[in-house]
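Structure data follow from input.txt (compact mmCIF, C-alpha atoms):
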# COMPACT_ATOMS: atom_id res chain seq x y z
CA MET A 8 -7.66 -1.76 25.31
CA PRO A 9 -6.20 -5.04 23.96
CA ALA A 10 -2.47 -4.95 23.19
CA ARG A 11 -3.15 -5.72 19.51
CA GLU A 12 -5.26 -2.61 18.98
CA GLY A 13 -3.16 -0.44 21.29
CA LEU A 14 0.09 -1.09 19.44
CA ALA A 15 -1.62 -0.48 16.10
CA LEU A 16 -2.93 2.90 17.29
CA ILE A 17 0.63 3.94 18.12
CA ALA A 18 2.59 2.38 15.26
CA ILE A 19 0.33 3.15 12.29
CA PRO A 20 0.30 6.98 12.72
CA ILE A 21 4.08 6.98 13.09
CA LEU A 22 4.54 4.93 9.92
CA VAL A 23 2.08 7.12 8.00
CA ALA A 24 3.95 10.24 9.14
CA VAL A 25 7.23 8.75 7.90
CA ILE A 26 5.68 7.93 4.51
CA VAL A 27 4.03 11.34 4.06
CA TRP A 28 6.57 13.78 5.51
CA VAL A 29 9.95 12.06 5.17
CA PRO A 30 11.75 11.60 1.81
CA PRO A 31 11.72 8.09 0.30
CA TRP A 32 14.89 7.09 2.14
CA GLY A 33 12.95 7.31 5.41
CA PHE A 34 10.49 4.65 4.30
CA LEU A 35 13.32 2.55 2.85
CA ALA A 36 15.12 2.74 6.19
CA VAL A 37 12.00 1.54 8.03
CA VAL A 38 11.54 -1.33 5.56
CA GLY A 39 15.22 -2.24 5.82
CA VAL A 40 15.18 -2.35 9.62
CA ALA A 41 11.94 -4.40 9.62
CA ALA A 42 13.42 -6.81 7.07
CA ALA A 43 16.62 -7.23 9.09
CA ILE A 44 14.71 -7.92 12.31
CA ALA A 45 12.36 -10.33 10.51
CA GLY A 46 15.36 -12.11 9.00
CA ASP A 47 17.01 -12.33 12.41
CA GLU A 48 13.84 -13.85 13.87
CA LEU A 49 13.80 -16.49 11.15
CA ILE A 50 17.47 -17.27 11.75
CA LYS A 51 16.84 -17.59 15.49
CA MET A 52 13.96 -20.01 14.89
CA ALA A 53 16.18 -22.11 12.66
CA ARG A 54 19.07 -22.09 15.14
CA ASP A 55 16.77 -23.01 18.01
CA ALA A 56 15.72 -26.00 15.89
CA GLY A 57 19.35 -27.09 15.62
CA MET A 58 20.31 -25.59 12.24
CA ARG A 59 23.75 -24.00 12.20
CA THR A 60 23.14 -20.82 10.24
CA ALA A 61 25.56 -17.90 10.28
CA ARG A 62 23.68 -15.01 11.84
CA THR A 63 25.90 -11.95 11.34
CA LEU A 64 27.04 -12.74 7.81
CA THR A 65 23.49 -13.59 6.68
CA LEU A 66 22.11 -10.32 8.05
CA LEU A 67 24.95 -8.36 6.47
CA ALA A 68 24.17 -10.05 3.14
CA LEU A 69 20.48 -9.19 3.52
CA VAL A 70 21.12 -5.54 4.35
CA GLY A 71 23.71 -5.29 1.57
CA THR A 72 21.29 -6.79 -0.93
CA LEU A 73 18.59 -4.27 0.00
CA ALA A 74 21.06 -1.38 -0.14
CA ALA A 75 22.19 -2.52 -3.60
CA ALA A 76 18.58 -2.86 -4.77
CA TRP A 77 17.57 0.63 -3.67
CA ALA A 78 20.80 2.39 -4.63
CA GLY A 79 21.54 0.62 -7.91
CA GLY A 80 18.27 -0.88 -9.11
CA PRO A 81 17.57 -4.41 -10.40
CA THR A 82 21.02 -4.99 -11.89
CA ALA A 83 22.83 -4.17 -8.66
CA PHE A 84 20.26 -6.25 -6.78
CA LEU A 85 20.97 -9.27 -9.00
CA VAL A 86 24.72 -8.87 -8.52
CA ALA A 87 24.21 -8.72 -4.75
CA LEU A 88 22.09 -11.89 -4.79
CA ILE A 89 24.69 -13.76 -6.85
CA THR A 90 27.43 -12.58 -4.49
CA ALA A 91 25.45 -13.81 -1.48
CA ALA A 92 24.79 -17.14 -3.19
CA LEU A 93 28.55 -17.65 -3.51
CA ILE A 94 29.76 -16.20 -0.21
CA LEU A 95 27.30 -17.84 2.20
CA PRO A 96 28.08 -21.47 1.22
CA THR A 97 31.79 -20.69 1.19
CA ALA A 98 31.62 -19.17 4.67
CA GLN A 99 29.98 -22.35 5.94
CA LEU A 100 33.37 -24.03 5.49
CA ALA A 101 34.54 -22.16 8.59
CA ASP A 102 31.95 -23.89 10.79
CA ARG A 103 33.80 -26.19 13.17
CA HIS A 104 30.95 -28.74 12.92
CA ARG A 105 31.22 -29.11 9.16
CA PRO A 106 30.00 -30.96 7.23
CA GLU A 107 27.15 -31.87 9.61
CA GLY A 108 24.22 -29.50 9.09
CA ALA A 109 25.95 -27.60 6.27
CA LEU A 110 23.13 -27.94 3.74
CA GLY A 111 20.42 -26.89 6.19
CA GLY A 112 22.44 -23.97 7.48
CA VAL A 113 23.23 -22.63 4.02
CA ALA A 114 19.64 -23.19 2.85
CA VAL A 115 18.26 -21.07 5.70
CA ALA A 116 20.82 -18.31 5.11
CA LEU A 117 20.10 -18.15 1.39
CA PHE A 118 16.36 -18.25 1.98
CA VAL A 119 16.58 -15.27 4.33
CA VAL A 120 18.55 -13.25 1.79
CA VAL A 121 16.65 -14.28 -1.35
CA TYR A 122 13.09 -14.41 0.00
CA ILE A 123 13.11 -11.49 2.41
CA GLY A 124 15.56 -9.52 0.26
CA THR A 125 13.42 -9.86 -2.87
CA ALA A 126 10.14 -9.16 -1.10
CA ALA A 127 11.38 -6.20 0.94
CA GLY A 128 13.30 -4.86 -2.06
CA CYS A 129 10.12 -4.78 -4.14
CA LEU A 130 8.23 -3.05 -1.32
CA GLY A 131 10.90 -0.36 -1.32
CA TRP A 132 10.68 -0.01 -5.12
CA LEU A 133 6.92 0.58 -4.83
CA ARG A 134 7.78 3.78 -2.96
CA GLN A 135 10.99 4.63 -4.78
CA TRP A 136 10.15 4.18 -8.46
CA PRO A 137 6.91 6.17 -8.93
CA ALA A 138 6.75 9.95 -8.94
CA ASP A 139 7.07 11.11 -5.35
CA ALA A 140 3.46 12.21 -4.65
CA TRP A 141 1.99 9.20 -6.48
CA GLY A 142 4.34 6.84 -4.67
CA VAL A 143 3.30 8.22 -1.29
CA ARG A 144 -0.38 7.77 -2.08
CA PHE A 145 0.09 4.30 -3.52
CA ILE A 146 2.08 3.00 -0.54
CA LEU A 147 -0.66 4.30 1.74
CA LEU A 148 -3.27 2.49 -0.39
CA PHE A 149 -1.14 -0.67 -0.36
CA LEU A 150 -0.79 -0.67 3.41
CA ALA A 151 -4.37 0.38 4.10
CA THR A 152 -5.74 -2.38 1.88
CA ILE A 153 -3.72 -5.05 3.68
CA TRP A 154 -4.54 -3.71 7.14
CA VAL A 155 -8.26 -3.38 6.41
CA GLY A 156 -8.31 -6.82 4.78
CA ASP A 157 -6.47 -8.37 7.73
CA SER A 158 -8.88 -6.77 10.19
CA GLY A 159 -11.88 -7.91 8.14
CA ALA A 160 -10.59 -11.47 8.05
CA TYR A 161 -9.77 -11.42 11.77
CA TYR A 162 -13.13 -10.15 13.01
CA VAL A 163 -15.30 -12.04 10.51
CA GLY A 164 -13.35 -15.20 11.24
CA ARG A 165 -13.84 -14.78 14.98
CA LYS A 166 -17.58 -14.18 14.67
CA LEU A 167 -18.58 -16.40 11.76
CA GLY A 168 -15.66 -18.73 11.09
CA ARG A 169 -16.66 -22.38 10.88
CA HIS A 170 -14.70 -24.02 8.06
CA LYS A 171 -10.92 -24.25 8.53
CA MET A 172 -8.66 -23.28 5.62
CA ALA A 173 -5.45 -25.00 6.70
CA PRO A 174 -5.96 -26.51 10.17
CA ARG A 175 -2.50 -28.08 10.34
CA ILE A 176 -0.77 -24.80 9.47
CA SER A 177 -2.98 -22.03 10.84
CA PRO A 178 -5.88 -23.42 12.90
CA ASN A 179 -7.57 -20.02 13.34
CA LYS A 180 -7.88 -19.22 9.63
CA THR A 181 -11.28 -19.99 8.10
CA TRP A 182 -12.84 -19.68 4.67
CA GLU A 183 -15.41 -17.32 6.15
CA GLY A 184 -12.60 -15.13 7.43
CA LEU A 185 -10.96 -15.19 4.00
CA ALA A 186 -14.23 -14.08 2.38
CA GLY A 187 -14.51 -11.26 4.90
CA GLY A 188 -10.92 -10.28 4.17
CA VAL A 189 -11.50 -10.22 0.41
CA ILE A 190 -14.55 -7.95 0.75
CA ALA A 191 -12.74 -5.71 3.22
CA SER A 192 -9.65 -5.52 0.97
CA LEU A 193 -11.66 -4.45 -2.07
CA ALA A 194 -13.59 -1.91 -0.02
CA GLY A 195 -10.37 -0.65 1.58
CA ALA A 196 -8.64 -0.21 -1.79
CA ALA A 197 -11.65 1.65 -3.21
CA ALA A 198 -11.96 3.91 -0.17
CA ALA A 199 -8.23 4.64 -0.11
CA ARG A 200 -8.26 5.59 -3.81
CA VAL A 201 -11.00 8.14 -3.18
CA LEU A 202 -9.69 9.52 0.11
CA LEU A 203 -6.12 9.83 -1.16
CA GLY A 204 -7.07 11.19 -4.58
CA LEU A 205 -4.87 8.58 -6.22
CA ASP A 206 -4.62 8.75 -10.01
CA LEU A 207 -5.24 5.04 -10.59
CA SER A 208 -8.05 3.63 -12.70
CA TRP A 209 -10.85 1.76 -10.96
CA GLN A 210 -9.90 -1.38 -12.88
CA ASN A 211 -6.34 -1.25 -11.57
CA THR A 212 -7.46 -0.25 -8.08
CA LEU A 213 -9.75 -3.25 -7.76
CA ALA A 214 -7.14 -5.52 -9.35
CA VAL A 215 -4.56 -4.41 -6.76
CA GLY A 216 -7.18 -4.94 -4.06
CA ALA A 217 -7.87 -8.46 -5.34
CA ILE A 218 -4.15 -9.31 -5.52
CA LEU A 219 -3.66 -8.13 -1.94
CA ALA A 220 -6.80 -9.91 -0.74
CA ILE A 221 -5.30 -13.26 -1.80
CA SER A 222 -1.55 -12.70 -1.51
CA ALA A 223 -1.63 -11.29 2.04
CA PRO A 224 -3.16 -14.41 3.64
CA VAL A 225 -0.92 -16.64 1.50
CA GLY A 226 2.13 -14.79 2.80
CA ASP A 227 0.87 -15.29 6.33
CA LEU A 228 0.32 -19.01 5.72
CA ILE A 229 3.84 -19.40 4.33
CA GLU A 230 5.31 -18.01 7.55
CA SER A 231 2.89 -20.06 9.66
CA GLN A 232 4.15 -23.30 8.15
CA PHE A 233 7.68 -22.40 9.20
CA LYS A 234 6.52 -21.64 12.74
CA ARG A 235 4.65 -24.92 12.96
CA ASP A 236 7.73 -26.74 11.71
CA MET A 237 9.84 -25.04 14.39
CA ARG A 238 7.15 -25.58 17.07
CA VAL A 239 6.75 -21.89 17.93
CA LYS A 240 3.62 -19.74 18.15
CA ASP A 241 5.19 -16.41 17.16
CA SER A 242 8.46 -15.43 15.52
CA SER A 243 9.27 -13.39 18.66
CA SER A 244 7.56 -11.33 21.37
CA LEU A 245 8.86 -7.93 20.29
CA LEU A 246 5.41 -6.58 19.36
CA PRO A 247 2.84 -7.14 22.14
CA GLY A 248 -0.31 -8.74 20.77
CA HIS A 249 1.25 -9.15 17.33
CA GLY A 250 4.21 -11.46 17.85
CA GLY A 251 7.38 -10.49 16.03
CA PHE A 252 8.37 -8.46 13.00
CA LEU A 253 8.23 -11.54 10.78
CA ASP A 254 4.63 -12.06 11.90
CA ARG A 255 3.73 -8.47 10.96
CA THR A 256 5.63 -8.19 7.69
CA ASP A 257 4.96 -11.59 6.10
CA SER A 258 1.84 -10.36 4.27
CA LEU A 259 3.40 -7.03 3.23
CA PHE A 260 6.60 -8.57 1.91
CA PHE A 261 4.98 -11.46 0.04
CA SER A 262 2.46 -9.16 -1.65
CA ALA A 263 4.91 -6.49 -2.81
CA PRO A 264 6.52 -8.37 -5.76
CA LEU A 265 3.09 -9.42 -7.07
CA VAL A 266 1.71 -5.88 -6.95
CA LEU A 267 4.88 -4.41 -8.43
CA GLY A 268 4.77 -6.98 -11.22
CA TYR A 269 1.13 -6.12 -11.96
CA LEU A 270 1.85 -2.38 -12.11
CA LEU A 271 4.77 -2.96 -14.48
CA LEU A 272 2.74 -5.37 -16.64
CA MET A 273 -0.11 -2.88 -16.93
CA LYS A 274 2.41 -0.08 -17.59
CA VAL A 275 1.18 1.91 -14.59
CA LEU A 276 4.88 2.04 -13.76
CA SER A 277 7.54 2.04 -16.44
Just give me the structure as structure tokens.
Amino acid sequence: MPAREGLALIAIPILVAVIVWVPPWGFLAVVGVAAAIAGDELIKMARDAGMRTARTLTLLALVGTLAAAWAGGPTAFLVALITAALILPTAQLADRHRPEGALGGVAVALFVVVYIGTAAGCLGWLRQWPADAWGVRFILLFLATIWVGDSGAYYVGRKLGRHKMAPRISPNKTWEGLAGGVIASLAGAAAARVLLGLDLSWQNTLAVGAILAISAPVGDLIESQFKRDMRVKDSSSLLPGHGGFLDRTDSLFFSAPLVLGYLLLMKVLS
């Protein structure tokens, strides 16, 4: 069995068990660890490219921002972001190489905290804010839709892909694969709604499926452009057949704020 499928067969049931049988903090802990590792991978890529970015302080700021978001809500999250925006540039003054590379180093650090912190924070809120049973079912629908869509795009692209979407950023992505991913995402969202018995209208179910069908590949492309810039294939080799945590969470994290915003706009969540 290929490493890609083998790892998925092990990891997905474990994650589903955590979502279903562990209180919300269990899922938040998993998201927090994944975000920290993804952030560390991005920092390592930047440092390997010659950017002097503080590793420990940046990761502490990221973890602290997520803890503030999930313990204190949006206000505490905003305070944590503002604090990080002030502390990280100030800490750069201690770099013995200053001022060379200061702007690039601070930019990477702030990007890790703001981008990954915001995206992962919203993913945690999708589990934390709804009523417990509804939140469990919705997170499962969210993940299933992305996974099914990703698989649809992967296999359709391999078999039928002819027209490249962004050859300079992600040479393997094709418009045919995207079409397959969109169809698979909509089908996955619809099937998950039925199988999970989720109390979500068909209009909102298909809208969430459509948002995920587009946002997931965009999130993947955003990370791919960073990897191409840094001249690396994967963010790390931690996950056999999948690359690193940043490679596996880019779609999930980028999609979460958009889906959360839609649910709040449509007053599904309040």
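Summary of the local environment: counting only C-alpha atoms, residues at most 9 Å from Lys51 in chain A, other than itself and those fewer than 4 positions away along its chain, are Gly46, Asp47, Asp55, Ala56, Thr60, Arg62 and Ser242 of chain A.
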Taking (30.1, -10.7, -2.5) in the file's own coordinates, collect the residues within 12 Å, counting all atoms listed in the file, and hand them back as a PyMOL selection string.
chain A and resi 64-65+67-69+71-72+75+83-98
Using all atoms listed in the file, what does the table of range 74-109 of chain A residues within 12 Å of range 20-44 of chain A look like, with each row giving the shortest atom pair and its distance in Å to one decimal, sorted by chain and ascending number, as a Markdown table?
| residue | atom | partner | partner_atom | distance |
| --- | --- | --- | --- | --- |
| A:Ala74 | CA | A:Gly39 | CA | 8.4 |
| A:Ala75 | CA | A:Gly39 | CA | 11.7 |
| A:Ala76 | CA | A:Leu35 | CA | 10.7 |
| A:Trp77 | CA | A:Leu35 | CA | 8.0 |
| A:Ala78 | CA | A:Trp32 | CA | 10.1 |
Neighbour list for Leu259 in chain A as an MDAnalysis selection string, cut-off 10 Å, all atoms listed in the file, skip fewer than 3 positions in-chain
chainID A and resid 126:127 130 149:150 153:154 219 222:224 226:227 255:256 262:264
Out of A:Leu16, A:Val121, A:Leu203, A:Val113, which residue has the shortest atom-to-atom distance to Ala140 in chain A when counting all atoms listed in the file?
A:Leu203
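The closest residue to Trp136 in chain A, picked from A:Leu66, A:Gly79, A:Glu48, A:Asp157 and counting all atoms listed in the file, is A:Gly79.
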